[in-house]
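The next block is model07.cif, given as mmCIF, C-alpha atoms.
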data_start
#
loop_
_atom_site.group_PDB
_atom_site.id
_atom_site.type_symbol
_atom_site.label_atom_id
_atom_site.label_comp_id
_atom_site.auth_asym_id
_atom_site.auth_seq_id
_atom_site.Cartn_x
_atom_site.Cartn_y
_atom_site.Cartn_z
ATOM 1 C CA VAL A 189 143.075 89.813 75.964
ATOM 2 C CA GLY A 190 144.583 89.724 72.476
ATOM 3 C CA LYS A 191 144.001 93.278 71.220
ATOM 4 C CA GLU A 192 141.034 93.968 73.516
ATOM 5 C CA THR A 193 141.119 95.536 77.000
ATOM 6 C CA ILE A 194 138.865 94.559 79.894
ATOM 7 C CA THR A 195 138.384 97.755 81.886
ATOM 8 C CA TYR A 196 137.631 98.126 85.570
ATOM 9 C CA ASP A 197 134.187 99.474 84.678
ATOM 10 C CA MET A 198 133.417 96.318 82.704
ATOM 11 C CA VAL A 199 134.308 94.180 85.717
ATOM 12 C CA ALA A 200 132.285 96.435 88.032
ATOM 13 C CA GLN A 201 129.225 96.289 85.788
ATOM 14 C CA GLU A 202 129.424 92.502 85.558
ATOM 15 C CA ALA A 203 129.839 92.201 89.329
ATOM 16 C CA ALA A 204 126.919 94.560 89.968
ATOM 17 C CA ALA A 205 124.709 92.591 87.596
ATOM 18 C CA ARG A 206 125.529 89.313 89.337
ATOM 19 C CA TYR A 207 125.823 90.335 92.983
ATOM 20 C CA GLY A 208 124.712 93.948 93.192
ATOM 21 C CA LYS A 209 121.299 93.378 94.794
ATOM 22 C CA ASP A 210 122.655 91.244 97.635
ATOM 23 C CA ILE A 211 125.577 93.564 98.322
ATOM 24 C CA LEU A 212 123.321 96.606 98.238
ATOM 25 C CA ASP A 213 120.862 94.964 100.646
ATOM 26 C CA ASP A 214 123.730 94.329 103.049
ATOM 27 C CA LEU A 215 124.906 97.937 102.799
ATOM 28 C CA ILE A 216 121.348 99.233 103.326
ATOM 29 C CA ASN A 217 120.883 97.098 106.431
ATOM 30 C CA ARG A 218 124.206 98.175 107.917
ATOM 31 C CA MET A 219 123.415 101.824 107.202
ATOM 32 C CA LEU A 220 119.985 101.543 108.824
ATOM 33 C CA ILE A 221 121.545 100.037 111.945
ATOM 34 C CA GLN A 222 124.325 102.654 111.975
ATOM 35 C CA GLN A 223 121.799 105.482 111.780
ATOM 36 C CA ALA A 224 119.750 103.949 114.604
ATOM 37 C CA CYS A 225 122.909 103.625 116.712
ATOM 38 C CA GLU A 226 123.863 107.254 116.101
ATOM 39 C CA GLU A 227 120.370 108.387 117.046
ATOM 40 C CA ALA A 228 120.445 106.329 120.263
ATOM 41 C CA GLY A 229 124.067 107.150 121.149
ATOM 42 C CA VAL A 230 125.108 103.509 120.835
ATOM 43 C CA ASN A 231 128.630 102.491 119.832
ATOM 44 C CA VAL A 232 130.182 99.076 119.195
ATOM 45 C CA THR A 233 133.981 99.025 119.286
ATOM 46 C CA GLU A 234 136.383 96.839 117.317
ATOM 47 C CA ALA A 235 137.436 95.311 120.645
ATOM 48 C CA GLU A 236 133.843 94.256 121.336
ATOM 49 C CA VAL A 237 133.569 92.716 117.879
ATOM 50 C CA SER A 238 136.807 90.770 118.425
ATOM 51 C CA ALA A 239 135.641 89.559 121.836
ATOM 52 C CA GLU A 240 132.374 88.292 120.344
ATOM 53 C CA VAL A 241 134.188 86.477 117.546
ATOM 54 C CA ASN A 242 136.448 84.830 120.145
ATOM 55 C CA ARG A 243 133.424 83.809 122.237
ATOM 56 C CA ILE A 244 131.676 82.186 119.283
ATOM 57 C CA ALA A 245 134.842 80.401 118.150
ATOM 58 C CA LYS A 246 135.307 78.911 121.637
ATOM 59 C CA ARG A 247 131.776 77.504 121.531
ATOM 60 C CA PHE A 248 132.959 75.367 118.610
ATOM 61 C CA ASN A 249 136.278 74.553 120.301
ATOM 62 C CA LEU A 250 138.245 76.565 117.762
ATOM 63 C CA ASP A 251 140.666 79.447 118.051
ATOM 64 C CA THR A 252 139.818 82.625 116.153
ATOM 65 C CA ALA A 253 142.145 81.933 113.222
ATOM 66 C CA ASN A 254 140.665 78.479 112.599
ATOM 67 C CA TRP A 255 137.142 79.863 112.991
ATOM 68 C CA TYR A 256 137.822 82.444 110.290
ATOM 69 C CA GLN A 257 139.321 79.735 108.056
ATOM 70 C CA MET A 258 136.218 77.556 108.473
ATOM 71 C CA LEU A 259 133.927 80.468 107.624
ATOM 72 C CA GLN A 260 135.961 81.195 104.523
ATOM 73 C CA ALA A 261 135.936 77.548 103.406
ATOM 74 C CA GLU A 262 132.325 76.630 104.238
ATOM 75 C CA ARG A 263 130.425 79.913 103.863
ATOM 76 C CA ASN A 264 132.740 81.835 101.521
ATOM 77 C CA ILE A 265 132.808 84.804 103.888
ATOM 78 C CA THR A 266 136.007 86.719 104.657
ATOM 79 C CA PRO A 267 136.948 87.776 108.195
ATOM 80 C CA LEU A 268 136.184 91.425 107.320
ATOM 81 C CA GLN A 269 132.764 90.535 105.913
ATOM 82 C CA TYR A 270 132.019 88.421 108.980
ATOM 83 C CA ARG A 271 132.953 91.232 111.360
ATOM 84 C CA GLN A 272 131.164 93.965 109.389
ATOM 85 C CA SER A 273 128.041 92.174 108.169
ATOM 86 C CA VAL A 274 127.378 89.578 110.865
ATOM 87 C CA ILE A 275 128.973 90.402 114.218
ATOM 88 C CA TRP A 276 128.809 94.205 114.245
ATOM 89 C CA PRO A 277 125.094 94.367 113.278
ATOM 90 C CA MET A 278 124.220 91.725 115.878
ATOM 91 C CA LEU A 279 126.059 93.487 118.692
ATOM 92 C CA SER A 280 124.590 96.839 117.663
ATOM 93 C CA LEU A 281 121.044 95.482 117.641
ATOM 94 C CA LYS A 282 121.582 93.839 121.028
ATOM 95 C CA LYS A 283 122.611 97.204 122.463
ATOM 96 C CA LEU A 284 119.680 98.933 120.771
ATOM 97 C CA ALA A 285 117.319 96.337 122.250
ATOM 98 C CA GLY A 286 118.582 97.197 125.704
ATOM 99 C CA GLU A 287 116.404 94.547 127.316
ATOM 100 C CA GLN A 288 117.368 92.097 130.034
ATOM 101 C CA VAL A 289 116.630 88.566 128.890
ATOM 102 C CA ASP A 290 114.672 86.677 131.542
ATOM 103 C CA ILE A 291 114.542 82.890 131.468
ATOM 104 C CA SER A 292 112.067 81.149 133.744
ATOM 105 C CA GLU A 293 112.481 77.809 135.499
ATOM 106 C CA GLU A 294 109.571 76.474 133.440
ATOM 107 C CA GLU A 295 111.374 77.379 130.207
ATOM 108 C CA MET A 296 114.488 75.586 131.466
ATOM 109 C CA LYS A 297 112.481 72.459 132.273
ATOM 110 C CA LYS A 298 110.837 72.412 128.842
ATOM 111 C CA ALA A 299 114.193 72.906 127.123
ATOM 112 C CA PHE A 300 115.647 70.002 129.119
ATOM 113 C CA VAL A 301 112.777 67.695 128.114
ATOM 114 C CA ARG A 302 113.045 68.859 124.475
ATOM 115 C CA ASN A 303 116.801 68.334 124.257
ATOM 116 C CA TYR A 304 117.380 65.382 126.572
ATOM 117 C CA GLY A 305 114.036 63.737 127.285
ATOM 118 C CA PRO A 306 112.610 60.601 125.628
ATOM 119 C CA ARG A 307 111.604 60.853 121.970
ATOM 120 C CA VAL A 308 109.233 58.830 119.860
ATOM 121 C CA LYS A 309 110.767 56.897 116.969
ATOM 122 C CA VAL A 310 108.319 56.918 114.079
ATOM 123 C CA ARG A 311 107.837 56.492 110.369
ATOM 124 C CA LEU A 312 105.769 59.161 108.624
ATOM 125 C CA ILE A 313 103.462 59.288 105.637
ATOM 126 C CA LEU A 314 102.597 62.852 104.623
ATOM 127 C CA GLN A 315 99.717 63.651 102.265
ATOM 128 C CA ASP A 316 98.188 66.856 100.877
ATOM 129 C CA ASN A 317 94.779 65.385 100.039
ATOM 130 C CA GLN A 318 92.372 64.103 102.675
ATOM 131 C CA ARG A 319 90.762 61.462 100.460
ATOM 132 C CA ARG A 320 94.121 60.006 99.416
ATOM 133 C CA ALA A 321 95.364 60.211 102.989
ATOM 134 C CA GLN A 322 92.325 58.251 104.147
ATOM 135 C CA GLU A 323 92.951 55.585 101.497
ATOM 136 C CA VAL A 324 96.590 55.224 102.553
ATOM 137 C CA TRP A 325 95.575 55.099 106.223
ATOM 138 C CA ASP A 326 93.106 52.288 105.503
ATOM 139 C CA LYS A 327 95.883 50.289 103.801
ATOM 140 C CA ALA A 328 98.299 50.964 106.665
ATOM 141 C CA ARG A 329 95.821 49.837 109.303
ATOM 142 C CA ALA A 330 94.988 46.705 107.326
ATOM 143 C CA ASN A 331 98.670 45.803 106.790
ATOM 144 C CA PRO A 332 100.950 47.586 109.338
ATOM 145 C CA ASP A 333 103.994 45.692 108.078
ATOM 146 C CA ASP A 334 103.603 47.423 104.703
ATOM 147 C CA PHE A 335 104.015 50.908 106.219
ATOM 148 C CA GLU A 336 107.553 51.398 104.890
ATOM 149 C CA LYS A 337 106.464 50.528 101.336
ATOM 150 C CA LEU A 338 103.366 52.724 101.633
ATOM 151 C CA ALA A 339 105.569 55.652 102.690
ATOM 152 C CA GLN A 340 107.864 55.134 99.707
ATOM 153 C CA ASP A 341 104.901 54.962 97.326
ATOM 154 C CA HIS A 342 102.563 57.613 98.721
ATOM 155 C CA SER A 343 104.284 60.128 101.023
ATOM 156 C CA ILE A 344 104.824 63.615 99.583
ATOM 157 C CA ASP A 345 107.721 64.351 101.944
ATOM 158 C CA PRO A 346 110.793 63.818 99.708
ATOM 159 C CA SER A 347 113.387 63.568 102.490
ATOM 160 C CA SER A 348 111.640 60.798 104.431
ATOM 161 C CA ARG A 349 109.945 59.035 101.523
ATOM 162 C CA ALA A 350 113.236 57.628 100.240
ATOM 163 C CA LEU A 351 113.891 56.266 103.755
ATOM 164 C CA GLY A 352 110.560 54.486 103.993
ATOM 165 C CA GLY A 353 109.073 57.283 106.068
ATOM 166 C CA THR A 354 111.855 57.434 108.671
ATOM 167 C CA ILE A 355 112.155 60.846 110.327
ATOM 168 C CA PRO A 356 114.202 62.062 113.327
ATOM 169 C CA PRO A 357 112.679 60.972 116.665
ATOM 170 C CA ILE A 358 110.010 63.407 117.861
ATOM 171 C CA PRO A 359 110.703 65.243 121.158
ATOM 172 C CA ARG A 360 108.278 67.177 123.315
ATOM 173 C CA PHE A 361 108.092 70.988 123.094
ATOM 174 C CA SER A 362 109.668 71.101 119.631
ATOM 175 C CA GLY A 363 107.066 73.435 118.113
ATOM 176 C CA ASN A 364 104.469 71.107 116.556
ATOM 177 C CA GLU A 365 102.121 70.408 119.451
ATOM 178 C CA THR A 366 99.592 68.434 117.392
ATOM 179 C CA LEU A 367 102.209 66.013 116.029
ATOM 180 C CA GLU A 368 103.887 65.607 119.420
ATOM 181 C CA LYS A 369 100.597 64.908 121.203
ATOM 182 C CA GLU A 370 99.622 62.166 118.781
ATOM 183 C CA ALA A 371 103.124 60.665 118.644
ATOM 184 C CA PHE A 372 103.422 60.298 122.416
ATOM 185 C CA LYS A 373 100.070 58.484 122.570
ATOM 186 C CA LEU A 374 101.415 55.632 120.461
ATOM 187 C CA GLN A 375 102.872 52.343 121.608
ATOM 188 C CA GLU A 376 105.492 50.445 119.609
ATOM 189 C CA GLY A 377 104.002 49.020 116.417
ATOM 190 C CA GLU A 378 100.854 51.136 116.673
ATOM 191 C CA ILE A 379 99.618 53.340 113.823
ATOM 192 C CA SER A 380 98.126 56.768 114.510
ATOM 193 C CA GLY A 381 94.883 58.121 113.247
ATOM 194 C CA LEU A 382 94.841 60.669 110.448
ATOM 195 C CA ILE A 383 96.574 63.763 111.882
ATOM 196 C CA GLU A 384 95.714 67.136 110.349
ATOM 197 C CA LEU A 385 98.886 69.165 110.867
ATOM 198 C CA GLN A 386 97.559 72.246 109.087
ATOM 199 C CA ALA A 387 95.126 73.038 106.310
ATOM 200 C CA GLY A 388 95.748 70.535 103.516
ATOM 201 C CA ARG A 389 98.501 68.578 105.322
ATOM 202 C CA TYR A 390 97.757 65.133 106.784
ATOM 203 C CA ALA A 391 100.174 62.837 108.593
ATOM 204 C CA ILE A 392 100.094 59.153 109.472
ATOM 205 C CA LEU A 393 102.611 57.826 111.981
ATOM 206 C CA LYS A 394 103.821 54.355 112.840
ATOM 207 C CA CYS A 395 105.532 54.116 116.219
ATOM 208 C CA GLU A 396 108.810 52.200 116.440
ATOM 209 C CA GLY A 397 109.474 52.725 120.131
ATOM 210 C CA ARG A 398 111.134 55.340 122.322
ATOM 211 C CA THR A 399 114.674 56.623 122.663
ATOM 212 C CA GLU A 400 116.476 56.284 125.991
ATOM 213 C CA PRO A 401 117.461 59.589 127.659
ATOM 214 C CA VAL A 402 121.233 59.960 127.957
ATOM 215 C CA VAL A 403 121.092 62.729 130.593
ATOM 216 C CA SER A 404 118.998 62.186 133.699
ATOM 217 C CA SER A 405 119.534 65.426 135.627
ATOM 218 C CA MET A 406 119.017 68.989 134.436
ATOM 219 C CA GLU A 407 121.885 70.100 136.682
ATOM 220 C CA GLU A 408 124.329 68.290 134.388
ATOM 221 C CA VAL A 409 123.441 70.514 131.427
ATOM 222 C CA LYS A 410 122.019 73.606 133.105
ATOM 223 C CA ASP A 411 124.650 76.000 131.742
ATOM 224 C CA GLN A 412 124.250 74.756 128.155
ATOM 225 C CA LEU A 413 120.463 75.024 128.373
ATOM 226 C CA TYR A 414 120.640 78.550 129.734
ATOM 227 C CA GLU A 415 123.029 79.659 126.994
ATOM 228 C CA GLU A 416 120.812 78.112 124.298
ATOM 229 C CA LEU A 417 117.658 79.799 125.618
ATOM 230 C CA TYR A 418 119.506 83.085 126.076
ATOM 231 C CA GLU A 419 120.647 83.009 122.440
ATOM 232 C CA GLN A 420 117.148 82.132 121.207
ATOM 233 C CA LYS A 421 115.470 84.937 123.135
ATOM 234 C CA THR A 422 118.161 87.419 122.151
ATOM 235 C CA GLN A 423 117.706 86.538 118.479
ATOM 236 C CA GLN A 424 113.949 87.069 118.780
ATOM 237 C CA THR A 425 114.439 90.460 120.455
ATOM 238 C CA VAL A 426 117.046 91.540 117.893
ATOM 239 C CA ALA A 427 114.732 90.577 115.023
ATOM 240 C CA LYS A 428 111.942 92.721 116.471
ATOM 241 C CA VAL A 429 114.269 95.700 116.884
ATOM 242 C CA PHE A 430 115.519 95.427 113.309
ATOM 243 C CA ASP A 431 111.953 95.119 111.970
ATOM 244 C CA ASN A 432 111.035 98.326 113.791
ATOM 245 C CA ILE A 433 114.091 100.108 112.380
ATOM 246 C CA LYS A 434 113.145 99.077 108.835
ATOM 247 C CA LYS A 435 109.517 100.141 109.285
ATOM 248 C CA LYS A 436 110.549 103.639 110.296
ATOM 249 C CA ALA A 437 113.075 104.146 107.501
ATOM 250 C CA GLN A 438 112.576 105.499 103.995
ATOM 251 C CA VAL A 439 114.661 103.511 101.509
ATOM 252 C CA ASP A 440 114.649 104.382 97.811
ATOM 253 C CA ASN A 441 116.420 101.580 95.961
ATOM 254 C CA TYR A 442 117.123 102.611 92.382
ATOM 255 C CA LEU A 443 118.758 99.286 91.556
ATOM 256 C CA THR A 444 115.555 97.331 92.192
ATOM 257 C CA GLN A 445 113.258 100.286 91.482
ATOM 258 C CA THR A 446 111.559 99.980 94.873
ATOM 259 C CA SER A 447 110.781 102.376 97.704
ATOM 260 C CA THR A 448 109.942 101.283 101.225
#

Reformat the file's structure so that it appears as structure tokens.
Amino acid sequence: VGKETITYDMVAQEAAARYGKDILDDLINRMLIQQACEEAGVNVTEAEVSAEVNRIAKRFNLDTANWYQMLQAERNITPLQYRQSVIWPMLSLKKLAGEQVDISEEEMKKAFVRNYGPRVKVRLILQDNQRRAQEVWDKARANPDDFEKLAQDHSIDPSSRALGGTIPPIPRFSGNETLEKEAFKLQEGEISGLIELQAGRYAILKCEGRTEPVVSSMEEVKDQLYEELYEQKTQQTVAKVFDNIKKKAQVDNYLTQTST
């Protein structure tokens, strides 16, 4: 540049300063998994990685080349990075887990109701102070038609506040039992009591009816439900295995000056 030279070391130092921690974390994680695989006699081949990439691409109705292109465009991840840092670790951890995933009929039924059953259409006002929540609730009960304006003025939830408290319809078995229980008690036009979701979080709901189920029989979607539950349980098992690997390992990171 003019009379000055930018050396490779200058580029490397700049890159390390900007991205070094994240890249090093990725290398550490891959090395931990590799060591665990060697200790357990586990091996994941390139053919297995390719087969998994093909399987995932088909789930999105794409061929492998288009799947790689989408990853590059939307997540800025190259095919090599995807294979090395996403697919290979996942397959390795699945093999290290070595557990058969069992899915019960009850779990299938709950997943069907969650994904395809009726949902409650509501508006939400969220507050982080019980006294203020009570004041807003009093106003909502006195003037139900003002609920949308009250949400815009008083809700602390930024995503729904701008929409007058509108949130996605609430299904059953979605993970927030308290909210679901209160929502499904409501009739159209009715306002809930003050719902304590957790310490310091209070919700007020206004019911705007129910959605109509679009699938009536679990048999129609049984394969999709099974695959979804299988993936969820596998992810949970893999996370536990990786946590155990990390707990057993000694990692001295001189970049971040930490030892674990």

Check: Around (103.9, 54.2, 101.5) in the file's frame, which residues reach within 9 Å when counting all atoms listed in the file? Return as a list in words?
Finding: Leu312, Ile313, Val324, Ala328, Asp334, Phe335, Glu336, Lys337, Leu338, Ala339, Gln340, Asp341, His342, Ser343, Arg349, Gly352 and Gly353 of chain A

Margin query: If we draw a sphere of 12 Å around (118.9, 98.8, 125.2), which residues have at least one atom in it when counting all atoms listed in the file? Please report them as a ChimeraX atom specification.
Written below: /A:224-225,228-231,279-289,422,425-426,429

Check: Between A:Pro277, A:Gly381, A:Asn317, A:Leu259, which is the closest to Gln223 (chain A) once you count only C-alpha atoms?
Finding: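 That would be A:Pro277, the residue with the smallest distance to Gln223 (chain A).
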
Next item on the list: Run through the PyMOL selection byres ((chain A and resi 378) around 12) on the given coordinates and return the selected residues as a ChimeraX atom specification.
Entry: /A:308-311,328-333,335,370-377,379-381,392-397

Notebook entry, point to check: Can you tell me how far CA of Lys298 (chain A) sits from CA of Ser347 (chain A), in Å to one decimal?
Noted result: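 Distance reported for this atom pair: 27.9 Å.
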
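Take CA of Thr354 (chain A) and CA of Glu416 (chain A): the distance between them is 27.4 Å.
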
Check: Using all atoms listed in the file, which of A:Leu268, A:Gln322, A:Leu314, A:Ile291 sits nearest Gln386 (chain A)?
Finding: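 Looking at the shortest contact to Gln386 (chain A), the residue is A:Leu314.
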
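Candidate residues A:Ile265, A:Ala350, A:Met296, A:Ile275 were compared for distance to Ile244 (chain A), and the nearest is A:Ile275, using all atoms listed in the file.
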
Margin query: Quick one: residues within 12 Å of Ile216 (chain A), only C-alpha atoms, excluding same-chain residues fewer than 5 positions away - as a PyMOL selection string?
Written below: chain A and resi 208-211+221-223+273+277+433-434+437-441+448

Item checked: Picked residues, the PyMOL selection byres ((chain A and resi 301) around 12), expected as a count of residues only -> 26

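Note that the spacing between CA of Asp213 (chain A) and CA of Lys421 (chain A) amounts to 25.2 Å.
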
Give the padded box for region 275-289 of chain A as AutoDock Vina command-line options: axis-aligned, covering all atoms listed in the file, 8 Å on each side, centre and edge lengths in Å to one decimal.
--center_x 122.7 --center_y 93.7 --center_z 121.7 --size_x 28.6 --size_y 26.4 --size_z 32.8

Notebook entry, point to check: Given the choices A:Glu365, A:Glu293, A:Met219, A:Leu382, which gets closest to Ala321 (chain A) if the distance is worked out from all atoms listed in the file?
Noted result: A:Leu382

Check: Do you know which residues the PyMOL selection byres ((chain A and resi 237) around 9) returns on this file, as a PyMOL selection string?
Finding: chain A and resi 232-236+238-242+271-272+275-276+279
